[in-house]
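Next up, entry-v5.txt (compact mmCIF, C-alpha atoms):
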```
# COMPACT_ATOMS: atom_id res chain seq x y z
CA MET A 1 12.09 -21.37 9.61
CA GLU A 2 12.01 -17.60 9.83
CA PHE A 3 15.14 -15.54 9.23
CA GLN A 4 15.43 -11.88 10.18
CA LEU A 5 18.20 -9.97 8.44
CA LEU A 6 16.78 -6.44 8.72
CA GLY A 7 18.31 -5.68 12.10
CA THR A 8 20.09 -8.15 14.36
CA PHE A 9 20.39 -11.53 12.64
CA GLU A 10 17.80 -13.97 14.02
CA ALA A 11 16.89 -17.52 13.08
CA ARG A 12 13.62 -18.83 14.51
CA HIS A 13 11.80 -22.13 14.38
CA GLU A 14 8.21 -22.24 15.64
CA GLY A 15 8.81 -18.92 17.41
CA ARG A 16 11.94 -20.11 19.22
CA SER A 17 15.40 -18.67 18.58
CA VAL A 18 17.82 -21.28 17.22
CA LEU A 19 21.42 -21.46 15.89
CA SER A 20 22.70 -19.52 18.90
CA GLY A 21 25.78 -21.77 18.97
CA VAL A 22 26.75 -21.04 15.38
CA ARG A 23 29.90 -18.92 15.08
CA ARG A 24 29.84 -15.35 13.80
CA GLN A 25 31.52 -16.02 10.44
CA GLU A 26 29.22 -18.98 9.85
CA ARG A 27 26.16 -16.85 10.63
CA LEU A 28 27.45 -14.22 8.20
CA LEU A 29 27.91 -16.87 5.50
CA LEU A 30 24.35 -18.08 6.09
CA ALA A 31 23.08 -14.50 5.88
CA LEU A 32 24.91 -13.96 2.58
CA LEU A 33 23.20 -17.05 1.14
CA LEU A 34 19.80 -16.02 2.53
CA LEU A 35 20.07 -12.59 0.91
CA GLU A 36 20.22 -14.46 -2.40
CA ALA A 37 17.86 -17.29 -1.34
CA GLY A 38 16.90 -19.43 -4.32
CA ARG A 39 19.95 -18.27 -6.33
CA THR A 40 23.47 -19.70 -6.48
CA VAL A 41 26.20 -17.49 -5.02
CA PRO A 42 29.69 -18.17 -6.47
CA VAL A 43 32.35 -19.27 -3.99
CA ASP A 44 34.68 -16.45 -5.10
CA ARG A 45 32.03 -13.86 -4.20
CA LEU A 46 31.35 -15.47 -0.83
CA VAL A 47 35.09 -15.53 -0.06
CA GLU A 48 35.50 -11.90 -1.09
CA LEU A 49 32.57 -10.78 1.08
CA LEU A 50 33.41 -12.89 4.12
CA TRP A 51 36.99 -11.63 4.29
CA GLN A 52 36.33 -8.29 2.53
CA GLY A 53 39.05 -8.62 -0.07
CA ARG A 54 41.71 -10.04 2.28
CA PRO A 55 41.07 -13.82 2.31
CA PRO A 56 43.57 -16.22 3.88
CA GLY A 57 45.20 -18.83 1.68
CA SER A 58 42.94 -21.49 3.17
CA ALA A 59 39.73 -19.53 2.44
CA ARG A 60 38.12 -22.13 0.18
CA GLY A 61 38.82 -24.96 2.61
CA THR A 62 37.53 -22.86 5.50
CA MET A 63 34.41 -22.10 3.47
CA GLN A 64 33.75 -25.82 3.01
CA THR A 65 34.12 -26.30 6.75
CA TYR A 66 31.61 -23.50 7.41
CA ILE A 67 29.12 -25.03 4.97
CA GLY A 68 29.47 -28.44 6.62
CA ARG A 69 28.82 -27.01 10.08
CA LEU A 70 25.84 -25.00 8.83
CA ARG A 71 24.32 -28.06 7.16
CA ALA A 72 24.64 -29.98 10.41
CA ALA A 73 23.07 -27.14 12.41
CA LEU A 74 20.25 -26.57 9.91
CA GLY A 75 19.46 -30.21 9.26
CA PRO A 76 16.76 -30.50 11.95
CA TYR A 77 14.97 -27.48 10.45
CA GLU A 78 15.04 -28.70 6.82
CA LEU A 79 16.87 -25.68 5.39
CA ARG A 80 18.92 -27.01 2.49
CA LEU A 81 22.28 -25.55 1.48
CA THR A 82 23.00 -27.08 -1.90
CA THR A 83 26.11 -27.05 -4.10
CA HIS A 84 25.83 -25.91 -7.72
CA ASP A 85 28.90 -25.70 -9.99
CA ASP A 86 31.31 -23.46 -8.08
CA GLY A 87 28.83 -21.98 -5.65
CA TYR A 88 26.24 -22.58 -2.93
CA ARG A 89 22.51 -21.91 -2.72
CA ALA A 90 20.09 -21.58 0.19
CA GLU A 91 16.89 -23.19 -1.09
CA ARG A 92 13.76 -21.14 -0.46
CA ASP A 93 11.31 -24.00 0.12
CA GLU A 94 8.79 -22.80 2.75
CA HIS A 95 11.22 -20.73 4.78
CA ARG A 96 10.60 -17.02 5.39
CA VAL A 97 13.29 -14.38 4.91
CA ASP A 98 12.36 -10.84 5.91
CA THR A 99 14.39 -9.21 3.12
CA ALA A 100 12.45 -11.17 0.49
CA GLU A 101 9.16 -10.35 2.25
CA PHE A 102 10.06 -6.65 2.30
CA THR A 103 10.86 -6.64 -1.42
CA ASP A 104 7.62 -8.44 -2.24
CA LEU A 105 5.48 -6.10 -0.12
CA ALA A 106 7.16 -3.02 -1.62
CA ARG A 107 6.49 -4.39 -5.13
CA ARG A 108 2.84 -5.10 -4.32
CA ALA A 109 2.45 -1.60 -2.87
CA ALA A 110 3.90 -0.04 -6.03
CA GLU A 111 1.38 -2.00 -8.13
CA ALA A 112 -1.66 -1.26 -5.91
CA GLY A 113 -4.12 1.32 -7.15
CA ASP A 114 -5.79 2.06 -3.82
CA PRO A 115 -3.75 4.63 -1.78
CA ALA A 116 -5.04 3.27 1.53
CA HIS A 117 -4.05 -0.24 0.46
CA ARG A 118 -0.64 1.06 -0.59
CA VAL A 119 -0.18 2.59 2.87
CA GLU A 120 -1.19 -0.70 4.48
CA LEU A 121 1.32 -2.67 2.39
CA HIS A 122 4.07 -0.12 2.99
CA ASP A 123 3.35 -0.26 6.74
CA GLN A 124 3.80 -4.03 6.68
CA ALA A 125 7.01 -3.72 4.66
CA LEU A 126 8.58 -1.00 6.80
CA CYS A 127 7.72 -2.78 10.06
CA LEU A 128 10.10 -5.57 9.01
CA TRP A 129 13.03 -3.18 9.52
CA ARG A 130 14.13 -3.60 13.13
CA GLY A 131 17.45 -1.86 12.51
CA PRO A 132 20.29 -1.71 9.95
CA LEU A 133 20.82 -4.75 7.74
CA LEU A 134 22.70 -7.50 9.66
CA ASP A 135 23.25 -5.17 12.60
CA GLY A 136 26.17 -6.42 14.71
CA LEU A 137 27.12 -9.01 12.10
CA ALA A 138 28.25 -6.85 9.15
CA ASP A 139 30.22 -3.62 9.45
CA GLU A 140 29.17 -0.45 7.63
CA PRO A 141 31.26 -0.95 4.44
CA LEU A 142 29.97 -4.50 4.01
CA ARG A 143 26.43 -3.40 4.82
CA ALA A 144 26.63 -0.71 2.13
CA ARG A 145 27.72 -3.31 -0.42
CA LEU A 146 25.08 -5.86 0.55
CA GLY A 147 22.13 -3.64 1.29
CA GLY A 148 22.44 -0.58 -0.91
CA VAL A 149 19.48 -1.55 -3.07
CA LEU A 150 17.39 -2.54 -0.04
CA ALA A 151 18.16 0.78 1.66
CA GLN A 152 17.05 2.68 -1.44
CA GLN A 153 13.86 0.62 -1.64
CA ARG A 154 13.14 1.44 2.00
CA LEU A 155 13.54 5.18 1.40
CA THR A 156 11.32 4.98 -1.68
CA ALA A 157 8.68 3.15 0.37
CA LEU A 158 8.86 5.90 3.02
CA GLU A 159 8.45 8.58 0.35
CA ARG A 160 5.49 6.94 -1.35
CA ARG A 161 3.81 6.16 1.94
CA ALA A 162 4.20 9.76 3.14
CA GLU A 163 2.78 11.13 -0.11
CA ASP A 164 -0.21 8.77 0.09
CA LEU A 165 -0.86 9.79 3.70
CA LEU A 166 -0.75 13.46 2.70
CA ALA A 167 -3.22 12.80 -0.11
CA MET A 168 -5.50 11.15 2.46
CA GLY A 169 -5.27 14.17 4.80
CA LYS A 170 -3.21 12.33 7.45
CA HIS A 171 -0.42 14.88 7.78
CA HIS A 172 0.01 14.35 11.54
CA ARG A 173 1.12 10.75 10.90
CA VAL A 174 3.65 11.99 8.35
CA VAL A 175 5.18 14.43 10.85
CA ALA A 176 5.63 11.71 13.48
CA ASP A 177 6.87 9.02 11.10
CA LEU A 178 9.42 11.04 9.13
CA LEU A 179 11.06 12.90 12.01
CA PRO A 180 13.69 10.18 12.73
CA GLU A 181 14.25 9.60 9.00
CA LEU A 182 15.56 13.11 8.36
CA ARG A 183 18.49 12.94 10.75
CA GLY A 184 22.14 12.17 10.14
CA ARG A 185 22.57 11.95 6.34
CA PRO A 186 22.23 14.03 3.18
CA PRO A 187 18.44 14.32 2.97
CA ARG A 188 16.22 12.91 0.25
CA GLU A 189 14.30 15.84 -1.20
CA ARG A 190 11.02 13.92 -1.60
CA LEU A 191 11.09 13.05 2.10
CA VAL A 192 11.89 16.64 3.00
CA ALA A 193 9.06 17.93 0.79
CA ALA A 194 6.59 15.55 2.41
CA GLN A 195 7.68 16.58 5.90
CA MET A 196 7.59 20.30 5.06
CA THR A 197 4.06 19.93 3.68
CA ALA A 198 2.96 17.92 6.71
CA LEU A 199 4.44 20.48 9.12
CA TYR A 200 2.76 23.34 7.28
CA ARG A 201 -0.64 21.61 7.38
CA SER A 202 -0.11 20.91 11.09
CA GLY A 203 0.19 24.64 11.79
CA ARG A 204 3.99 24.59 12.11
CA PRO A 205 5.24 26.67 9.15
CA ALA A 206 8.29 27.95 11.02
CA GLU A 207 9.52 24.38 11.50
CA ALA A 208 8.90 23.66 7.81
CA LEU A 209 11.08 26.64 6.88
CA ASP A 210 13.77 25.56 9.36
CA LEU A 211 13.78 22.12 7.75
CA TYR A 212 14.28 23.68 4.32
CA ARG A 213 17.18 25.81 5.61
CA ASP A 214 18.88 22.80 7.24
CA THR A 215 18.34 20.72 4.10
CA ARG A 216 19.81 23.39 1.84
CA THR A 217 22.85 23.73 4.11
CA ALA A 218 23.42 19.96 4.08
CA LEU A 219 23.08 19.72 0.31
CA VAL A 220 25.46 22.61 -0.33
CA ASP A 221 28.05 21.51 2.25
CA GLU A 222 28.06 17.78 1.46
CA LEU A 223 27.20 17.62 -2.23
CA GLY A 224 27.78 21.14 -3.51
CA LEU A 225 24.20 21.26 -4.81
CA GLU A 226 21.25 23.59 -4.34
CA PRO A 227 17.81 22.07 -3.63
CA GLY A 228 15.86 21.04 -6.71
CA PRO A 229 13.14 23.18 -8.30
CA GLY A 230 10.31 21.28 -6.61
CA LEU A 231 11.64 21.86 -3.12
CA ARG A 232 12.45 25.50 -3.89
CA GLU A 233 8.89 26.05 -5.16
CA LEU A 234 7.44 24.47 -2.02
CA HIS A 235 9.62 26.77 0.08
CA ARG A 236 8.36 29.79 -1.85
CA ARG A 237 4.72 28.75 -1.39
CA ILE A 238 5.18 28.27 2.36
CA LEU A 239 6.77 31.70 2.64
CA ALA A 240 3.81 33.15 0.73
CA GLY A 241 1.27 31.27 2.88
CA ASP A 242 -0.29 29.67 -0.21
CA PRO A 243 -3.75 28.50 0.99
CA ARG A 244 -3.66 25.60 -1.49
CA LEU A 245 -1.01 23.95 0.68
CA ASP A 246 -3.49 23.63 3.53
CA ARG A 247 -5.27 20.68 1.97
CA PRO A 248 -4.62 17.75 -0.35
CA PRO A 249 -5.24 18.38 -4.05
CA GLY A 250 -8.89 18.22 -5.01
CA PRO A 251 -9.91 14.90 -6.55
CA VAL A 252 -10.50 14.63 -10.27
CA TYR A 253 -14.19 14.50 -11.34
CA ALA A 254 -15.59 14.57 -7.81
CA VAL A 255 -18.29 16.22 -5.71
CA ARG A 256 -18.08 17.39 -2.10
CA VAL A 257 -20.62 15.82 0.28
CA ARG A 258 -20.42 16.35 4.06
CA ASP A 259 -16.79 17.41 3.75
CA VAL A 260 -15.99 14.19 1.85
CA TRP A 261 -14.97 13.87 -1.79
CA LEU A 262 -17.08 11.39 -3.76
CA PRO A 263 -16.85 10.54 -7.47
CA TRP A 264 -19.37 11.79 -9.99
CA ASN A 265 -22.40 9.58 -10.45
CA THR A 266 -22.07 8.29 -14.00
CA SER A 267 -23.11 4.65 -13.99
CA GLY A 268 -26.84 4.64 -13.31
CA HIS A 269 -26.61 2.08 -10.50
CA PRO A 270 -25.32 2.19 -6.87
CA ALA A 271 -23.39 -1.07 -7.21
CA LEU A 272 -21.45 0.33 -10.16
CA GLU A 273 -20.80 3.64 -8.40
CA PHE A 274 -19.27 1.55 -5.64
CA CYS A 275 -16.87 0.13 -8.25
CA ASN A 276 -16.04 3.44 -9.90
CA THR A 277 -12.93 4.07 -7.89
CA TYR A 278 -9.34 2.91 -8.15
CA ALA A 279 -10.46 -0.66 -8.75
CA GLY A 280 -11.21 0.57 -12.25
CA TRP A 281 -8.80 3.43 -12.73
CA GLY A 282 -5.38 2.48 -14.03
CA SER A 283 -3.10 5.43 -13.26
CA PRO A 284 -1.95 6.55 -9.79
CA SER A 285 -1.20 10.00 -11.23
CA LEU A 286 -4.82 11.12 -10.94
CA PRO A 287 -5.28 12.88 -7.56
CA GLY A 288 -8.15 11.58 -5.48
CA ALA A 289 -9.02 8.87 -7.99
CA ASP A 290 -9.67 6.51 -5.10
CA TRP A 291 -12.41 8.07 -3.02
CA LEU A 292 -12.61 5.09 -0.64
CA ALA A 293 -9.71 6.21 1.55
CA ARG A 294 -11.41 6.33 4.97
CA TYR A 295 -14.52 5.02 6.67
CA ALA A 296 -16.24 8.41 6.63
CA SER A 297 -16.17 8.30 2.82
CA LEU A 298 -17.88 4.90 2.83
CA ALA A 299 -20.63 6.01 5.22
CA VAL A 300 -21.28 9.31 3.44
CA TRP A 301 -21.32 7.52 0.07
CA ALA A 302 -24.03 5.15 1.34
CA GLY A 303 -26.18 8.13 2.28
CA HIS A 304 -25.44 9.96 -0.97
CA LEU A 305 -26.56 6.95 -3.03
CA GLY A 306 -29.71 6.43 -0.95
CA LEU A 307 -28.52 3.20 0.70
CA ALA A 308 -28.80 4.77 4.18
CA ASP A 309 -30.76 7.70 5.57
CA ASP A 310 -29.16 10.80 7.09
CA ARG A 311 -29.79 9.68 10.66
CA THR A 312 -28.07 6.37 10.01
CA VAL A 313 -25.09 8.11 8.41
CA ASP A 314 -24.78 10.40 11.46
CA ARG A 315 -24.81 7.38 13.72
CA LEU A 316 -22.21 5.54 11.64
CA LEU A 317 -19.85 8.52 11.64
CA ALA A 318 -20.14 8.91 15.40
CA GLU A 319 -19.59 5.20 15.97
CA ALA A 320 -16.53 5.22 13.70
CA ASP A 321 -15.02 8.03 15.77
CA ARG A 322 -15.57 6.02 18.95
CA ASN A 323 -14.36 2.71 17.50
CA PRO A 324 -11.74 3.35 14.80
CA GLY A 325 -10.51 -0.27 14.83
CA PRO A 326 -13.82 -1.87 13.78
CA ALA A 327 -14.37 1.01 11.33
CA ASP A 328 -11.03 0.31 9.64
CA ALA A 329 -11.88 -3.40 9.50
CA ALA A 330 -15.21 -2.62 7.81
CA LEU A 331 -13.41 -0.33 5.35
CA THR A 332 -10.88 -3.05 4.49
CA GLU A 333 -13.73 -5.48 3.89
CA ALA A 334 -15.49 -2.93 1.70
CA ARG A 335 -12.38 -2.46 -0.43
CA ALA A 336 -12.10 -6.22 -0.92
CA LEU A 337 -15.77 -6.39 -1.93
CA ARG A 338 -15.31 -3.48 -4.32
CA THR A 339 -12.38 -5.17 -6.05
CA ALA A 340 -14.26 -8.47 -6.34
CA LEU A 341 -17.37 -6.73 -7.68
CA TYR A 342 -15.36 -4.86 -10.32
CA ALA A 343 -13.74 -8.13 -11.39
CA CYS A 344 -17.13 -9.85 -11.43
CA CYS A 345 -18.59 -7.11 -13.65
CA THR A 346 -15.69 -7.02 -16.10
CA ASP A 347 -15.05 -10.76 -16.36
CA ARG A 348 -18.19 -12.89 -16.30
CA GLU A 349 -16.02 -16.03 -16.09
CA ASP A 350 -14.33 -15.00 -12.84
CA ALA A 351 -15.92 -17.57 -10.54
CA HIS A 352 -13.86 -16.57 -7.49
CA ALA A 353 -14.97 -12.94 -7.74
CA PHE A 354 -18.61 -13.98 -8.12
CA LYS A 355 -18.41 -16.23 -5.04
CA THR A 356 -16.97 -13.34 -3.01
CA VAL A 357 -19.79 -11.03 -4.05
CA ALA A 358 -22.38 -13.76 -3.58
CA ALA A 359 -21.23 -14.46 -0.01
CA ALA A 360 -21.55 -10.77 0.90
CA ALA A 361 -24.95 -10.57 -0.84
CA GLU A 362 -26.24 -13.59 1.06
CA GLU A 363 -25.13 -12.04 4.34
CA ALA A 364 -26.84 -8.78 3.36
CA ALA A 365 -30.03 -10.69 2.56
CA ALA A 366 -29.95 -12.31 5.99
CA HIS A 367 -29.99 -8.82 7.54
CA ALA A 368 -32.49 -7.22 5.15
CA GLU A 369 -35.69 -5.52 6.39
CA PHE A 370 -38.77 -4.68 4.34
CA THR A 371 -39.64 -1.08 5.22
CA ARG A 372 -41.70 1.82 3.86
CA GLY A 373 -39.79 4.94 2.81
CA PRO A 374 -40.82 8.61 3.06
CA ASP A 375 -42.06 8.42 -0.55
CA GLY A 376 -44.64 5.82 0.53
CA LEU A 377 -42.91 3.00 -1.37
CA ALA A 378 -41.72 -0.16 0.34
CA ARG A 379 -38.18 -1.40 -0.16
CA TRP A 380 -35.62 -3.81 1.19
CA THR A 381 -32.93 -2.17 3.35
CA VAL A 382 -30.06 -3.52 5.44
CA SER A 383 -30.78 -3.47 9.16
CA PRO A 384 -29.06 -0.76 11.24
CA ALA A 385 -28.18 -3.57 13.65
CA THR A 386 -25.30 -4.50 11.30
CA GLY A 387 -23.47 -1.46 12.66
CA LEU A 388 -20.37 -0.23 10.89
CA ARG A 389 -20.68 -2.94 8.23
CA LEU A 390 -24.01 -1.54 7.03
CA PRO A 391 -22.60 0.41 4.02
CA LEU A 392 -20.68 -2.54 2.58
CA LEU A 393 -23.65 -4.89 3.07
CA ALA A 394 -25.90 -2.32 1.43
CA ALA A 395 -23.50 -2.23 -1.52
CA ALA A 396 -23.56 -6.03 -1.67
CA HIS A 397 -27.37 -6.01 -1.60
CA SER A 398 -27.38 -3.53 -4.48
CA ALA A 399 -24.87 -5.68 -6.38
CA ALA A 400 -27.11 -8.73 -6.00
CA GLY A 401 -30.03 -6.80 -7.50
CA LEU A 402 -27.92 -5.78 -10.50
CA LEU A 403 -26.42 -9.21 -11.15
CA ALA A 404 -29.87 -10.79 -11.00
CA SER A 405 -31.33 -8.29 -13.46
CA PRO A 406 -31.27 -8.36 -17.30
CA ARG A 407 -29.81 -4.85 -17.04
CA VAL A 408 -26.44 -6.45 -16.34
CA HIS A 409 -26.25 -7.30 -20.06
CA THR A 410 -26.10 -3.57 -20.84
CA LEU A 411 -23.04 -3.08 -18.64
CA ARG A 412 -20.15 -1.27 -20.33
CA VAL A 413 -16.56 -0.38 -19.39
CA CYS A 414 -15.33 3.09 -20.32
CA PRO A 415 -12.42 2.80 -22.80
CA GLY A 416 -10.96 6.15 -21.71
CA LYS A 417 -7.25 6.16 -20.94
CA ASP A 418 -6.65 5.57 -17.20
CA CYS A 419 -10.40 5.17 -16.63
CA GLY A 420 -12.30 1.87 -16.84
CA TRP A 421 -15.40 3.18 -15.04
CA LEU A 422 -18.52 1.05 -15.33
CA PHE A 423 -21.90 2.25 -16.56
CA LEU A 424 -25.19 0.95 -17.99
CA ASP A 425 -25.88 1.53 -21.67
CA GLU A 426 -29.51 0.60 -22.21
CA SER A 427 -29.66 2.65 -25.41
CA GLY A 428 -26.79 0.70 -26.97
CA ARG A 429 -25.21 3.95 -28.18
CA ARG A 430 -23.22 5.16 -25.20
CA ARG A 431 -19.46 4.56 -25.24
CA TRP A 432 -17.91 6.85 -22.61
CA CYS A 433 -18.57 7.23 -18.88
CA SER A 434 -18.76 10.99 -19.53
CA LEU A 435 -18.62 12.96 -22.77
CA GLY A 436 -17.29 15.88 -20.75
CA THR A 437 -14.22 13.98 -19.55
CA CYS A 438 -13.19 10.75 -21.24
CA GLY A 439 -15.28 11.42 -24.34
CA ALA A 440 -13.83 14.89 -24.68
CA ARG A 441 -10.34 13.38 -24.94
CA ARG A 442 -11.22 10.65 -27.41
CA PRO A 443 -8.75 10.30 -30.28
CA ALA A 444 -9.70 11.62 -33.69
CA PRO A 445 -10.87 8.91 -36.12
```
Take the structure from the file and write it as structure tokens.
Amino acid sequence: MEFQLLGTFEARHEGRSVLSGVRRQERLLLALLLLEAGRTVPVDRLVELLWQGRPPGSARGTMQTYIGRLRAALGPYELRLTTHDDGYRAERDEHRVDTAEFTDLARRAAEAGDPAHRVELHDQALCLWRGPLLDGLADEPLRARLGGVLAQQRLTALERRAEDLLAMGKHHRVVADLLPELRGRPPRERLVAAQMTALYRSGRPAEALDLYRDTRTALVDELGLEPGPGLRELHRRILAGDPRLDRPPGPVYAVRVRDVWLPWNTSGHPALEFCNTYAGWGSPSLPGADWLARYASLAVWAGHLGLADDRTVDRLLAEADRNPGPADAALTEARALRTALYACCTDREDAHAFKTVAAAAEEAAAHAEFTRGPDGLARWTVSPATGLRLPLLAAAHSAAGLLASPRVHTLRVCPGKDCGWLFLDESGRRRWCSLGTCGARRPAP
């Protein structure tokens, strides 16, 4: 079964709404158990929540009646309500509960290194919210008691998603998404800062300043507090027209190619440069560490590394503008390949990662053409007929060449803090991806 608690309570089986005949108090009891699915909820707590501190003398007997009716109603759908000591438990089994899915997606987003992947996971998590928790079933005081943590997790997800979108240059999405979130409550300063930045980058500085004024008024009137130093500094920079606010922070250790940030070339092989992104970096605090944030970056990277000529890159960029859906799908596939390739290079025993890379390499080989380049040398290249998937197949073709070469035995992983970039060390004496960055910060012996 599928249970929706984030909004109006819904119980569905094979896409069909069920339990419509179950009484309101019984539905609320089921919702309380589902919020703690897989854990035993004491009877005293259930009684206190159901009657909000004013239970009748027959509360425990009434509770047993509710449980009996729910078991009868849920029996055909194999949701088990079990008794444990002095409490009840809704067994998880294979049933889906949107609150648990939201928490899991938010956790996975917090752990993801790729900003675009974080945005994707946060999008999935936030889409589960169809309205307030148990809308129409729980009143506001009960909702605050039951869903306070969930509400905070939702706001944190909104903040992190907005900040990732700003780092990716997608300020227009931030403006549209945050507008309804800034109404009707004491504002969260991180949300306000994200919206002010997005408005400023969208050419609407006056609205950004109005938002700051309204936020300051709300904070002073409702909490007796002035805005924090970060928000005050952002306000000062907007007033001063600071040009650095017009763009996301410049990536660390990157080069600018065709208006796209790409990482330094440090590895000595295109397949490894493909990996040298957030698949290898361990700290989200480094701005721009993941260069693979949009399809344009992937296409330009392929040209920069010699996997596609300039004319092909032009065509790919134009096609991506015309067909953003297939471009995003190719980018998602490229990220998955990148992660598998990094795992394959750092753990030779990872059979699943190798199979993923091998499947992409075999597909690339099926679309390979033997052509002569402008230097007069012949080479294998991926056919332009592969369309928007050409860059990722070219990366897979390059990976196959590396994994089939003895050079793979000279592969090293940079030990620098928050790094993990890959490079070839054919001399046997190289330790760092760059002496100017990671090597310069090496600890004293």
Could you name the residues that touch A:Asp93 at 12 Å or less, counting all atoms listed in the file, but leaving out those on the same chain fewer than 4 positions away, as a list of chain:residue names?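 Once the nearby chain positions are removed, what remains is A:Met1, A:Glu2, A:Leu34, A:Ala37, A:Gly38, A:Tyr77, A:Glu78, A:Leu79, A:Arg80, A:Leu81, A:Arg89, A:Val97.
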Please measure the separation of atom CA of A:Ala343 and atom CA of A:Val357, giving the value in Å to one decimal.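 These two atoms are separated by 9.9 Å.
With all atoms listed in the file as the atoms that count, the residue of A:Ala358, A:Thr103, A:Gly416, A:Met63 with the shortest distance to A:Gln152 is A:Thr103.
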Pick from A:Val174, A:Phe354, A:Glu120, A:Ser267, whichever lies nearest to A:Arg430 using all atoms listed in the file: A:Ser267
What's the 12 Å shell around A:Ala353, counting all atoms listed in the file, without same-chain residues fewer than 6 positions away, as a PyMOL selection string? chain A and resi 336-347+359-360
List the neighbours of A:Pro205 out to 9 Å using only C-alpha atoms; skip same-chain residues closer than 6 positions along the sequence, and give me the result as a list in words.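 What passes the distance filter is Met196, Thr197, Leu199, Ile238, Leu239 and Gly241 of chain A.
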Writing out the chosen residues with C-alpha atoms as a PDB file, keeping the file's coordinate frame:
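After the write, selection-v2.pdb holds the following:
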```pdb
ATOM      1  CA  MET A 196       7.590  20.300   5.060  1.00  0.00           C
ATOM      2  CA  THR A 197       4.060  19.930   3.680  1.00  0.00           C
ATOM      3  CA  LEU A 199       4.440  20.480   9.120  1.00  0.00           C
ATOM      4  CA  ILE A 238       5.180  28.270   2.360  1.00  0.00           C
ATOM      5  CA  LEU A 239       6.770  31.700   2.640  1.00  0.00           C
ATOM      6  CA  GLY A 241       1.270  31.270   2.880  1.00  0.00           C
TER       7      GLY A 241
END
```
I'd like the contact shell of A:Gly428 - 10 Å cut-off, only C-alpha atoms, skipping same-chain residues fewer than 3 positions apart - returned as a list of chain:residue names.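 In the requested format, the answer is A:Thr410, A:Leu411, A:Arg412, A:Leu424, A:Asp425, A:Arg431.
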Expressed in Å, the length from atom CA of A:Glu26 to atom CA of A:Arg96 is 19.2 Å
Figure out the distance between atom CA of A:Leu6 and atom CA of A:Gly325, please, to one decimal in Å.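 One can read the atom CA of A:Gly325 to atom CA of A:Leu6 distance as 28.6 Å.
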Residue contacts of stretch 305-315 of chain A (8 Å, all atoms listed in the file) excluding same-chain residues fewer than 3 positions away, as a list in words: Pro270, Ala299, Val300, Trp301, Ala302, Ala318, Glu319, Thr381, Pro384, Pro391, Ala394 and Ala395 of chain A
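The nearest approach to A:Trp51 among the residues A:Leu30, A:Ala351, A:Ala110, A:Ala138, with only C-alpha atoms taken into account, belongs to A:Ala138.
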